[in-house]
Each structure stands twice: as C-alpha cells, then as structure tokens.
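Dropping query-v7.pdb in here (PDB, C-alpha atoms, pLDDT in the B column):
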MODEL        1
ATOM      1  CA  MET A   1     -88.923  13.072 -34.101  1.00 97.00           C
ATOM      2  CA  ASP A   2     -90.767  12.221 -30.909  1.00 98.00           C
ATOM      3  CA  ARG A   3     -89.080   9.541 -28.843  1.00 98.00           C
ATOM      4  CA  SER A   4     -92.412   7.729 -28.559  1.00 98.00           C
ATOM      5  CA  ARG A   5     -92.643   7.558 -32.374  1.00 98.00           C
ATOM      6  CA  ILE A   6     -89.114   6.187 -32.635  1.00 98.00           C
ATOM      7  CA  ASP A   7     -89.735   3.477 -30.062  1.00 98.00           C
ATOM      8  CA  ALA A   8     -93.054   2.526 -31.673  1.00 98.00           C
ATOM      9  CA  ALA A   9     -91.329   2.234 -35.075  1.00 98.00           C
ATOM     10  CA  ILE A  10     -88.750  -0.160 -33.602  1.00 98.00           C
ATOM     11  CA  ASP A  11     -91.500  -2.215 -31.942  1.00 98.00           C
ATOM     12  CA  ASP A  12     -93.278  -2.443 -35.295  1.00 98.00           C
ATOM     13  CA  ALA A  13     -90.102  -3.405 -37.186  1.00 98.00           C
ATOM     14  CA  ARG A  14     -89.308  -6.146 -34.677  1.00 98.00           C
ATOM     15  CA  ALA A  15     -92.849  -7.514 -34.901  1.00 98.00           C
ATOM     16  CA  ARG A  16     -92.821  -7.532 -38.702  1.00 98.00           C
ATOM     17  CA  ALA A  17     -89.459  -9.297 -38.793  1.00 98.00           C
ATOM     18  CA  ALA A  18     -90.816 -11.978 -36.461  1.00 98.00           C
ATOM     19  CA  GLU A  19     -93.977 -12.394 -38.546  1.00 98.00           C
ATOM     20  CA  ALA A  20     -91.858 -12.836 -41.677  1.00 97.00           C
ATOM     21  CA  GLY A  21     -89.579 -15.378 -40.014  1.00 97.00           C
ATOM     22  CA  ILE A  22     -86.580 -13.014 -40.102  1.00 97.00           C
ATOM     23  CA  ALA A  23     -84.541 -13.682 -36.975  1.00 97.00           C
ATOM     24  CA  LEU A  24     -82.690 -10.611 -35.726  1.00 98.00           C
ATOM     25  CA  PRO A  25     -79.629 -10.658 -33.451  1.00 97.00           C
ATOM     26  CA  GLY A  26     -80.213 -10.594 -29.713  1.00 97.00           C
ATOM     27  CA  PHE A  27     -79.145  -6.955 -29.400  1.00 97.00           C
ATOM     28  CA  ALA A  28     -82.133  -5.939 -31.554  1.00 98.00           C
ATOM     29  CA  ALA A  29     -84.330  -6.688 -28.538  1.00 98.00           C
ATOM     30  CA  TRP A  30     -82.166  -4.862 -26.008  1.00 97.00           C
ATOM     31  CA  THR A  31     -83.741  -2.001 -24.130  1.00 96.00           C
ATOM     32  CA  ARG A  32     -81.919   1.219 -23.356  1.00 94.00           C
ATOM     33  CA  ALA A  33     -81.370  -0.122 -19.839  1.00 94.00           C
ATOM     34  CA  ASP A  34     -79.769  -3.280 -21.290  1.00 95.00           C
ATOM     35  CA  TRP A  35     -77.319  -1.226 -23.383  1.00 93.00           C
ATOM     36  CA  LEU A  36     -76.444   1.036 -20.455  1.00 91.00           C
ATOM     37  CA  ALA A  37     -75.869  -1.957 -18.193  1.00 92.00           C
ATOM     38  CA  ALA A  38     -73.623  -3.647 -20.769  1.00 91.00           C
ATOM     39  CA  ALA A  39     -71.722  -0.494 -21.819  1.00 86.00           C
ATOM     40  CA  PRO A  40     -68.851  -0.915 -19.307  1.00 87.00           C
ATOM     41  CA  THR A  41     -68.216  -4.438 -20.604  1.00 89.00           C
ATOM     42  CA  PRO A  42     -65.109  -4.431 -22.868  1.00 90.00           C
ATOM     43  CA  GLY A  43     -66.704  -6.978 -25.176  1.00 92.00           C
ATOM     44  CA  LEU A  44     -69.481  -4.544 -26.096  1.00 93.00           C
ATOM     45  CA  ARG A  45     -67.203  -1.847 -27.486  1.00 90.00           C
ATOM     46  CA  PRO A  46     -66.866  -3.391 -30.982  1.00 93.00           C
ATOM     47  CA  ALA A  47     -70.667  -3.396 -31.397  1.00 94.00           C
ATOM     48  CA  LEU A  48     -70.841   0.254 -30.339  1.00 93.00           C
ATOM     49  CA  GLU A  49     -67.889   1.343 -32.460  1.00 93.00           C
ATOM     50  CA  ARG A  50     -69.288  -0.446 -35.531  1.00 96.00           C
ATOM     51  CA  GLY A  51     -72.754   1.065 -35.035  1.00 96.00           C
ATOM     52  CA  LEU A  52     -74.687  -2.175 -34.667  1.00 97.00           C
ATOM     53  CA  GLY A  53     -78.321  -1.654 -33.722  1.00 98.00           C
ATOM     54  CA  TRP A  54     -81.349   0.499 -34.472  1.00 98.00           C
ATOM     55  CA  ASP A  55     -81.551   3.655 -36.535  1.00 98.00           C
ATOM     56  CA  VAL A  56     -84.869   5.458 -37.090  1.00 98.00           C
ATOM     57  CA  THR A  57     -84.801   8.630 -39.158  1.00 98.00           C
ATOM     58  CA  ASP A  58     -87.031  11.185 -40.850  1.00 98.00           C
ATOM     59  CA  PHE A  59     -83.982  12.776 -42.540  1.00 97.00           C
ATOM     60  CA  GLY A  60     -84.839  16.042 -40.803  1.00 96.00           C
ATOM     61  CA  ARG A  61     -88.043  16.466 -42.821  1.00 96.00           C
ATOM     62  CA  GLY A  62     -90.471  16.213 -39.897  1.00 96.00           C
ATOM     63  CA  ASP A  63     -92.827  13.981 -41.917  1.00 97.00           C
ATOM     64  CA  PHE A  64     -91.881  10.409 -41.020  1.00 98.00           C
ATOM     65  CA  ASP A  65     -94.909   8.862 -42.739  1.00 97.00           C
ATOM     66  CA  ARG A  66     -93.765  10.306 -46.073  1.00 98.00           C
ATOM     67  CA  VAL A  67     -89.969  10.531 -45.712  1.00 98.00           C
ATOM     68  CA  GLY A  68     -88.275   8.129 -43.341  1.00 98.00           C
ATOM     69  CA  LEU A  69     -86.803   4.703 -42.744  1.00 98.00           C
ATOM     70  CA  VAL A  70     -86.253   2.161 -39.966  1.00 98.00           C
ATOM     71  CA  LEU A  71     -82.929   0.317 -40.067  1.00 98.00           C
ATOM     72  CA  CYS A  72     -81.067  -2.199 -37.950  1.00 98.00           C
ATOM     73  CA  THR A  73     -77.360  -2.600 -38.668  1.00 98.00           C
ATOM     74  CA  LEU A  74     -76.679  -6.304 -38.205  1.00 98.00           C
ATOM     75  CA  ARG A  75     -72.941  -6.335 -38.967  1.00 98.00           C
ATOM     76  CA  ASN A  76     -70.366  -3.779 -40.018  1.00 98.00           C
ATOM     77  CA  GLY A  77     -66.625  -3.402 -40.382  1.00 98.00           C
ATOM     78  CA  THR A  78     -64.532  -0.504 -39.162  1.00 97.00           C
ATOM     79  CA  LEU A  79     -63.149   2.345 -41.244  1.00 96.00           C
ATOM     80  CA  ALA A  80     -59.649   1.024 -40.539  1.00 96.00           C
ATOM     81  CA  GLU A  81     -60.598  -2.368 -41.981  1.00 97.00           C
ATOM     82  CA  ARG A  82     -62.216  -0.655 -44.973  1.00 97.00           C
ATOM     83  CA  ASP A  83     -59.113   1.412 -45.676  1.00 97.00           C
ATOM     84  CA  ALA A  84     -56.780  -1.559 -45.215  1.00 97.00           C
ATOM     85  CA  GLY A  85     -58.944  -3.793 -47.408  1.00 97.00           C
ATOM     86  CA  ALA A  86     -58.637  -6.538 -44.804  1.00 98.00           C
ATOM     87  CA  GLY A  87     -60.754  -7.898 -41.969  1.00 97.00           C
ATOM     88  CA  GLN A  88     -64.490  -7.171 -41.946  1.00 97.00           C
ATOM     89  CA  THR A  89     -64.855  -5.099 -45.106  1.00 98.00           C
ATOM     90  CA  TYR A  90     -68.641  -5.513 -45.409  1.00 98.00           C
ATOM     91  CA  ALA A  91     -71.911  -4.531 -43.731  1.00 98.00           C
ATOM     92  CA  GLU A  92     -75.516  -5.701 -43.604  1.00 98.00           C
ATOM     93  CA  LYS A  93     -78.743  -3.937 -42.594  1.00 98.00           C
ATOM     94  CA  PHE A  94     -82.394  -4.854 -42.123  1.00 98.00           C
ATOM     95  CA  LEU A  95     -84.778  -2.135 -43.362  1.00 98.00           C
ATOM     96  CA  VAL A  96     -88.483  -1.431 -42.954  1.00 98.00           C
ATOM     97  CA  ALA A  97     -90.457   1.155 -44.945  1.00 98.00           C
ATOM     98  CA  ARG A  98     -94.189   1.751 -44.820  1.00 98.00           C
ATOM     99  CA  ASP A  99     -96.350   2.234 -47.930  1.00 98.00           C
ATOM    100  CA  GLY A 100     -95.137   5.313 -49.811  1.00 98.00           C
ATOM    101  CA  GLN A 101     -92.420   6.082 -47.266  1.00 98.00           C
ATOM    102  CA  GLU A 102     -89.343   7.334 -49.119  1.00 98.00           C
ATOM    103  CA  THR A 103     -85.619   7.460 -48.494  1.00 98.00           C
ATOM    104  CA  PRO A 104     -84.620  10.669 -50.321  1.00 98.00           C
ATOM    105  CA  MET A 105     -82.133  10.990 -53.182  1.00 98.00           C
ATOM    106  CA  HIS A 106     -78.557  10.563 -51.996  1.00 98.00           C
ATOM    107  CA  LEU A 107     -75.259   8.951 -52.900  1.00 98.00           C
ATOM    108  CA  HIS A 108     -72.284   7.385 -51.148  1.00 98.00           C
ATOM    109  CA  ARG A 109     -68.737   8.403 -52.050  1.00 97.00           C
ATOM    110  CA  ARG A 110     -67.144   5.172 -50.821  1.00 97.00           C
ATOM    111  CA  LYS A 111     -69.837   2.541 -50.414  1.00 98.00           C
ATOM    112  CA  THR A 112     -71.286   0.244 -53.067  1.00 98.00           C
ATOM    113  CA  GLU A 113     -74.411  -1.545 -51.848  1.00 98.00           C
ATOM    114  CA  ASP A 114     -77.061  -4.037 -52.865  1.00 98.00           C
ATOM    115  CA  ILE A 115     -80.618  -3.140 -51.838  1.00 98.00           C
ATOM    116  CA  ILE A 116     -82.747  -6.284 -51.543  1.00 98.00           C
ATOM    117  CA  ASN A 117     -86.500  -6.754 -51.344  1.00 98.00           C
ATOM    118  CA  ARG A 118     -86.870  -9.302 -48.540  1.00 98.00           C
ATOM    119  CA  GLY A 119     -90.671  -9.379 -48.604  1.00 98.00           C
ATOM    120  CA  GLY A 120     -93.949  -7.505 -48.465  1.00 98.00           C
ATOM    121  CA  ALA A 121     -94.513  -4.572 -50.802  1.00 98.00           C
ATOM    122  CA  GLU A 122     -92.737  -3.696 -54.023  1.00 98.00           C
ATOM    123  CA  LEU A 123     -89.403  -1.912 -53.649  1.00 98.00           C
ATOM    124  CA  VAL A 124     -89.202   1.016 -56.067  1.00 98.00           C
ATOM    125  CA  VAL A 125     -85.718   2.421 -56.730  1.00 98.00           C
ATOM    126  CA  GLU A 126     -84.605   5.374 -58.838  1.00 98.00           C
ATOM    127  CA  LEU A 127     -80.956   5.655 -59.872  1.00 98.00           C
ATOM    128  CA  ARG A 128     -79.353   8.765 -61.311  1.00 96.00           C
ATOM    129  CA  PRO A 129     -75.751   9.542 -62.320  1.00 96.00           C
ATOM    130  CA  GLU A 130     -74.131  12.286 -60.276  1.00 94.00           C
ATOM    131  CA  SER A 131     -73.455  14.224 -63.472  1.00 88.00           C
ATOM    132  CA  GLY A 132     -76.997  14.220 -64.889  1.00 81.00           C
ATOM    133  CA  ASP A 133     -79.905  12.076 -66.076  1.00 80.00           C
ATOM    134  CA  GLY A 134     -78.129   9.554 -68.294  1.00 92.00           C
ATOM    135  CA  GLU A 135     -78.034   5.796 -67.879  1.00 96.00           C
ATOM    136  CA  VAL A 136     -76.632   3.894 -64.932  1.00 97.00           C
ATOM    137  CA  VAL A 137     -75.136   0.507 -65.782  1.00 97.00           C
ATOM    138  CA  THR A 138     -75.618  -1.753 -62.787  1.00 98.00           C
ATOM    139  CA  LEU A 139     -76.628  -5.259 -61.687  1.00 98.00           C
ATOM    140  CA  VAL A 140     -80.214  -6.361 -61.100  1.00 98.00           C
ATOM    141  CA  ASP A 141     -80.318  -9.858 -59.594  1.00 97.00           C
ATOM    142  CA  GLY A 142     -76.703 -10.231 -60.676  1.00 96.00           C
ATOM    143  CA  LEU A 143     -77.454  -9.461 -64.351  1.00 98.00           C
ATOM    144  CA  GLU A 144     -76.095  -6.343 -65.992  1.00 98.00           C
ATOM    145  CA  ARG A 145     -78.718  -3.772 -66.907  1.00 97.00           C
ATOM    146  CA  ALA A 146     -78.659  -0.183 -68.145  1.00 97.00           C
ATOM    147  CA  VAL A 147     -81.206   1.818 -66.129  1.00 96.00           C
ATOM    148  CA  ARG A 148     -82.360   5.195 -67.404  1.00 95.00           C
ATOM    149  CA  GLY A 149     -81.707   7.918 -64.867  1.00 94.00           C
ATOM    150  CA  GLY A 150     -84.827   8.764 -62.850  1.00 91.00           C
ATOM    151  CA  SER A 151     -86.799   5.832 -64.259  1.00 95.00           C
ATOM    152  CA  PRO A 152     -88.465   3.770 -61.497  1.00 97.00           C
ATOM    153  CA  LEU A 153     -87.072   0.267 -61.135  1.00 98.00           C
ATOM    154  CA  ARG A 154     -89.676  -1.988 -59.516  1.00 98.00           C
ATOM    155  CA  LEU A 155     -88.368  -4.957 -57.527  1.00 98.00           C
ATOM    156  CA  GLU A 156     -90.522  -7.816 -56.252  1.00 98.00           C
ATOM    157  CA  PRO A 157     -89.659  -9.842 -53.127  1.00 98.00           C
ATOM    158  CA  GLY A 158     -86.384 -11.659 -53.686  1.00 98.00           C
ATOM    159  CA  GLN A 159     -85.072  -9.166 -56.243  1.00 98.00           C
ATOM    160  CA  SER A 160     -82.159  -6.794 -55.689  1.00 98.00           C
ATOM    161  CA  VAL A 161     -80.270  -3.952 -57.325  1.00 98.00           C
ATOM    162  CA  GLN A 162     -76.672  -2.893 -56.949  1.00 98.00           C
ATOM    163  CA  VAL A 163     -76.119   0.816 -56.260  1.00 98.00           C
ATOM    164  CA  PRO A 164     -72.537   1.735 -57.202  1.00 98.00           C
ATOM    165  CA  ALA A 165     -70.643   4.336 -55.199  1.00 98.00           C
ATOM    166  CA  GLY A 166     -71.187   7.810 -56.642  1.00 97.00           C
ATOM    167  CA  VAL A 167     -74.678   7.053 -58.010  1.00 98.00           C
ATOM    168  CA  TYR A 168     -77.641   9.017 -56.666  1.00 98.00           C
ATOM    169  CA  HIS A 169     -80.550   6.844 -55.548  1.00 98.00           C
ATOM    170  CA  ARG A 170     -83.853   7.034 -53.729  1.00 98.00           C
ATOM    171  CA  PHE A 171     -86.296   4.271 -52.882  1.00 98.00           C
ATOM    172  CA  TRP A 172     -89.704   3.676 -51.374  1.00 98.00           C
ATOM    173  CA  ALA A 173     -92.313   1.017 -50.620  1.00 98.00           C
ATOM    174  CA  ASP A 174     -95.317   0.604 -52.910  1.00 98.00           C
ATOM    175  CA  GLY A 175     -98.388  -1.411 -51.982  1.00 98.00           C
ATOM    176  CA  GLY A 176     -97.814  -2.092 -48.292  1.00 98.00           C
ATOM    177  CA  VAL A 177     -95.011  -2.448 -45.794  1.00 98.00           C
ATOM    178  CA  LEU A 178     -91.621  -3.315 -47.288  1.00 98.00           C
ATOM    179  CA  LEU A 179     -89.062  -5.514 -45.570  1.00 98.00           C
ATOM    180  CA  ALA A 180     -85.712  -4.932 -47.203  1.00 98.00           C
ATOM    181  CA  GLY A 181     -82.043  -5.621 -46.754  1.00 98.00           C
ATOM    182  CA  GLU A 182     -78.811  -3.893 -47.564  1.00 98.00           C
ATOM    183  CA  VAL A 183     -75.502  -5.663 -48.136  1.00 98.00           C
ATOM    184  CA  SER A 184     -72.598  -3.324 -48.734  1.00 98.00           C
ATOM    185  CA  ALA A 185     -69.053  -2.280 -48.179  1.00 98.00           C
ATOM    186  CA  VAL A 186     -68.316  -0.900 -44.700  1.00 98.00           C
ATOM    187  CA  ASN A 187     -71.064   1.524 -43.720  1.00 98.00           C
ATOM    188  CA  ASP A 188     -70.170   5.051 -42.587  1.00 97.00           C
ATOM    189  CA  ASP A 189     -73.381   7.013 -42.040  1.00 95.00           C
ATOM    190  CA  ALA A 190     -71.510   9.855 -40.321  1.00 92.00           C
ATOM    191  CA  ASP A 191     -69.530  10.956 -43.390  1.00 95.00           C
ATOM    192  CA  ASP A 192     -70.477   8.941 -46.501  1.00 97.00           C
ATOM    193  CA  ASN A 193     -73.946  10.294 -47.317  1.00 97.00           C
ATOM    194  CA  VAL A 194     -74.439  13.140 -49.796  1.00 97.00           C
ATOM    195  CA  PHE A 195     -78.088  14.208 -50.152  1.00 97.00           C
ATOM    196  CA  LEU A 196     -79.261  15.921 -53.325  1.00 95.00           C
ATOM    197  CA  ASP A 197     -81.441  18.104 -51.114  1.00 95.00           C
ATOM    198  CA  PRO A 198     -79.146  18.618 -48.099  1.00 93.00           C
ATOM    199  CA  SER A 199     -80.615  16.697 -45.171  1.00 94.00           C
ATOM    200  CA  PRO A 200     -79.387  15.518 -41.786  1.00 95.00           C
ATOM    201  CA  ARG A 201     -78.827  11.779 -41.701  1.00 96.00           C
ATOM    202  CA  TYR A 202     -80.083  11.445 -38.125  1.00 96.00           C
ATOM    203  CA  PRO A 203     -83.195  13.016 -36.591  1.00 94.00           C
ATOM    204  CA  SER A 204     -83.499  15.611 -33.902  1.00 95.00           C
ATOM    205  CA  VAL A 205     -85.216  13.795 -31.019  1.00 97.00           C
ATOM    206  CA  THR A 206     -87.929  15.279 -28.811  1.00 97.00           C
ATOM    207  CA  GLU A 207     -88.051  13.444 -25.495  1.00 97.00           C
ATOM    208  CA  ASP A 208     -91.823  13.221 -25.152  1.00 98.00           C
ATOM    209  CA  ALA A 209     -91.554   9.871 -23.321  1.00 98.00           C
ATOM    210  CA  ALA A 210     -88.946   7.854 -21.463  1.00 97.00           C
ATOM    211  CA  ALA A 211     -86.683   6.148 -24.010  1.00 96.00           C
ATOM    212  CA  ARG A 212     -87.077   2.371 -24.242  1.00 97.00           C
ATOM    213  CA  TYR A 213     -84.461   1.816 -26.949  1.00 97.00           C
ATOM    214  CA  VAL A 214     -81.170   3.454 -27.859  1.00 96.00           C
ATOM    215  CA  LEU A 215     -80.264   4.554 -31.397  1.00 97.00           C
ATOM    216  CA  VAL A 216     -76.875   4.098 -33.056  1.00 97.00           C
ATOM    217  CA  SER A 217     -76.603   7.896 -33.219  1.00 95.00           C
ATOM    218  CA  GLU A 218     -76.683   7.929 -29.405  1.00 95.00           C
ATOM    219  CA  TYR A 219     -73.810   5.516 -28.816  1.00 93.00           C
ATOM    220  CA  ALA A 220     -71.295   8.290 -28.073  1.00 87.00           C
ATOM    221  CA  GLU A 221     -72.761   8.652 -24.585  1.00 81.00           C
ATOM    222  CA  LEU A 222     -72.399   4.902 -24.031  1.00 74.00           C
ATOM    223  CA  LEU A 223     -68.776   4.909 -25.236  1.00 68.00           C
ATOM    224  CA  ALA A 224     -68.047   7.869 -22.973  1.00 77.00           C
ATOM    225  CA  GLY A 225     -69.464   6.022 -19.972  1.00 60.00           C
TER     226      GLY A 225
ENDMDL
END
Just give me the structure as structure tokens.
Amino acid sequence: MDRSRIDAAIDDARARAAEAGIALPGFAAWTRADWLAAAPTPGLRPALERGLGWDVTDFGRGDFDRVGLVLCTLRNGTLAERDAGAGQTYAEKFLVARDGQETPMHLHRRKTEDIINRGGAELVVELRPESGDGEVVTLVDGLERAVRGGSPLRLEPGQSVQVPAGVYHRFWADGGVLLAGEVSAVNDDADDNVFLDPSPRYPSVTEDAAARYVLVSEYAELLAG
C-alpha cells in the first residue's frame, strides 16, 4: 500500500469517529514524530508492546477499496497475561470499513471476539465452521442462535455477533461507511490469524510520501530505539 493512502485512511477514520461522537484515546492523534519523540520514555513501552494504535491493511491483495480494513487498537493485554489468565486478558478495537470493503475469511486459534456495529452502514458477517459448511452456534446480541455456514448475517447499528475461536469468518460494510468495534480476548495479530486464502496480515508499504503516522506493525523500530 502507498504510505499516502495509509495516512489518508487514518485521517478519514479519525474524522468519522469525531463526527459520530466516538472519542478515541490521545495516542490516536499522535504523529510519527510524536511516537518517535516519546519512544525513549519508559512509560510508553507498554503501549508499544501491546500494539496500541493504528493498523491499516489490504491483506496483501493490492485492492484496498475492495479488500481492506482500518483499525485502532484501543486496549490490549499481553500474551503472558493471556496465558496466565490474570491481569489484562481482554482487548478492544475501533474499526472502519467503506461500502463493500471486505475483511477476508479467517479464523483465530486462541481469540474469541465480539464484532459490534457501532454505526453507519450494515455490518454483514459470514461464519463458517473450520470443518465445513454446517451450522455455527453463537451469540447475537447475547442471545444464542444457530447460523448456517456461509449465510450472511446482517447486523444493524447497535447489534453484535460473537465469533468463537476456531470459526472462520469474513465481514464487510453494506450501504455506506461502517463504524465497528471489536471486544475480544487478548489480541495477537502476529500469530493468531489463519486465512482461508493465505494472506499477509500486514501490508507491504510503498513510501510514496513522508509518513505522518506510524502503524502498529512498525513498532519494532521504536522499541529498538
């Protein structure tokens, strides 16, 4: 992805959150220079290690308008806390998808998550068992429901669906720009994503312009500093 496209997507996500009255943490407005200036500060290391901040991806498809997602990780535990079952064992993300923009079919081995329509367009979700096309028994707005594998589940603003660990799922926006949320167990995007059609989780970035933001996938350079 072009750096200019990534930065523009973050600008757009921030603007849409503000328009919807969704207040994001202060670090969501930090520039790359802000992160670099704060990196030597010991107090920043937990945010870097937990991957808090922006993530813009086209899943390696090179067609961001059709396949892609903008995310901001607002809070997240560590893998040590996850494995110990103590401390911060949860995560939360803010998501933005444009009309028809899809997150491709994938599953998580360890993470169960709720995907929530926070406003805007319809959220369309497809669930599928790892073993085939049978039913997935899950929770929609906290009520148990059997969802036929591959059958679109349409969620209006305020509605949510639980995606159990080990269940394939894809989702997209229908009818406009979708503002969504994810509440889950500890998030591990480095090792806990299995794509049905093998795809890189993070994009390859072309530096066509000076970077204004920094992505969570680029934090290694900040931690090394």
Checklist entry - Any idea what's packed within 12 Å of Ala180 (chain A), counting all atoms listed in the file, ignoring anything in its chain fewer than 2 positions away? Could you give it as a ChimeraX atom specification? => result /A:13,16-17,20,22,69-72,92-98,114-124,155-161,171-173,177-178,182-183
Checklist entry - Interatomic distance between CA of Asp191 (chain A) and CA of Gln88 (chain A)? => result 18.9 Å
Checklist entry - If you apply the PyMOL selection byres ((chain A and resi 58) around 9) to this file, what residues do you get, as an MDAnalysis selection string? => result chainID A and resid 1 56:57 59:69 103 200:204
Checklist entry - Could you write out as a ChimeraX atom specification the residues that the PyMOL selection byres ((chain A and resi 219) around 12) matches in the shown file? => result /A:32,35-36,39,44-55,213-218,220-225
Checklist entry - CA of Asn187 (chain A) and CA of Glu207 (chain A) are how many Å apart? => result 27.6 Å
Checklist entry - For this file, the PyMOL selection byres ((chain A and resi 91) around 6) selects which residues, as a ChimeraX atom specification? => result /A:75-76,90,92,183-186
Output as lines of an AutoDock Vina configuration file the centre and edge lengths (Å, one decimal) of the box along x, y and z of the file that holds every listed atom of region 173-185 of chain A after adding 3 Å on each side.
center_x = -83.7
center_y = -2.3
center_z = -49.2
size_x = 35.3
size_y = 12.7
size_z = 13.3
Checklist entry - A:Ala190, A:Trp30, A:Arg109, A:Gln162: which is nearest Leu143 (chain A), counting only C-alpha atoms? => result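 Smallest separation from Leu143 (chain A) among the options: A:Gln162.
Rounded to one decimal, CA of Ile10 (chain A) and CA of Asp141 (chain A) lie 29.0 Å from each other.
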Item to check | Selected residue of minimal separation from Thr206 (chain A) among A:Pro129, A:Leu79, A:Asp12, A:Arg5, counting all atoms listed in the file | outcome: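 With all atoms listed in the file as the atom set, the closest residue is A:Arg5.
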Item to check | Residue nearest Gly181 (chain A) - candidates A:Ala80, A:Ala28, A:Glu113, A:Ala38, atoms counted: all atoms listed in the file | outcome: A:Glu113
Next on the checklist: Which residue is closest to Asp7 (chain A)? Choose from A:Leu179, A:Gly43, A:Ala29, A:Asp99 and count all atoms listed in the file.
Outcome noted: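 Distance minimum relative to Asp7 (chain A) lands on A:Ala29.
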Checklist entry - Quick one: residues within 7 Å of Gly149 (chain A), all atoms listed in the file counted, chain neighbours fewer than 5 positions away excluded, as number ranges by chain? => result A: 127-129, 133-136
Item to check | Best match for closeness to Arg110 (chain A) among A:Ala165, A:Ile6, A:Ala15, A:Leu196, counting only C-alpha atoms | outcome: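 Going through A:Ala165, A:Ile6, A:Ala15, A:Leu196 one by one, the smallest distance to Arg110 (chain A) is for A:Ala165.
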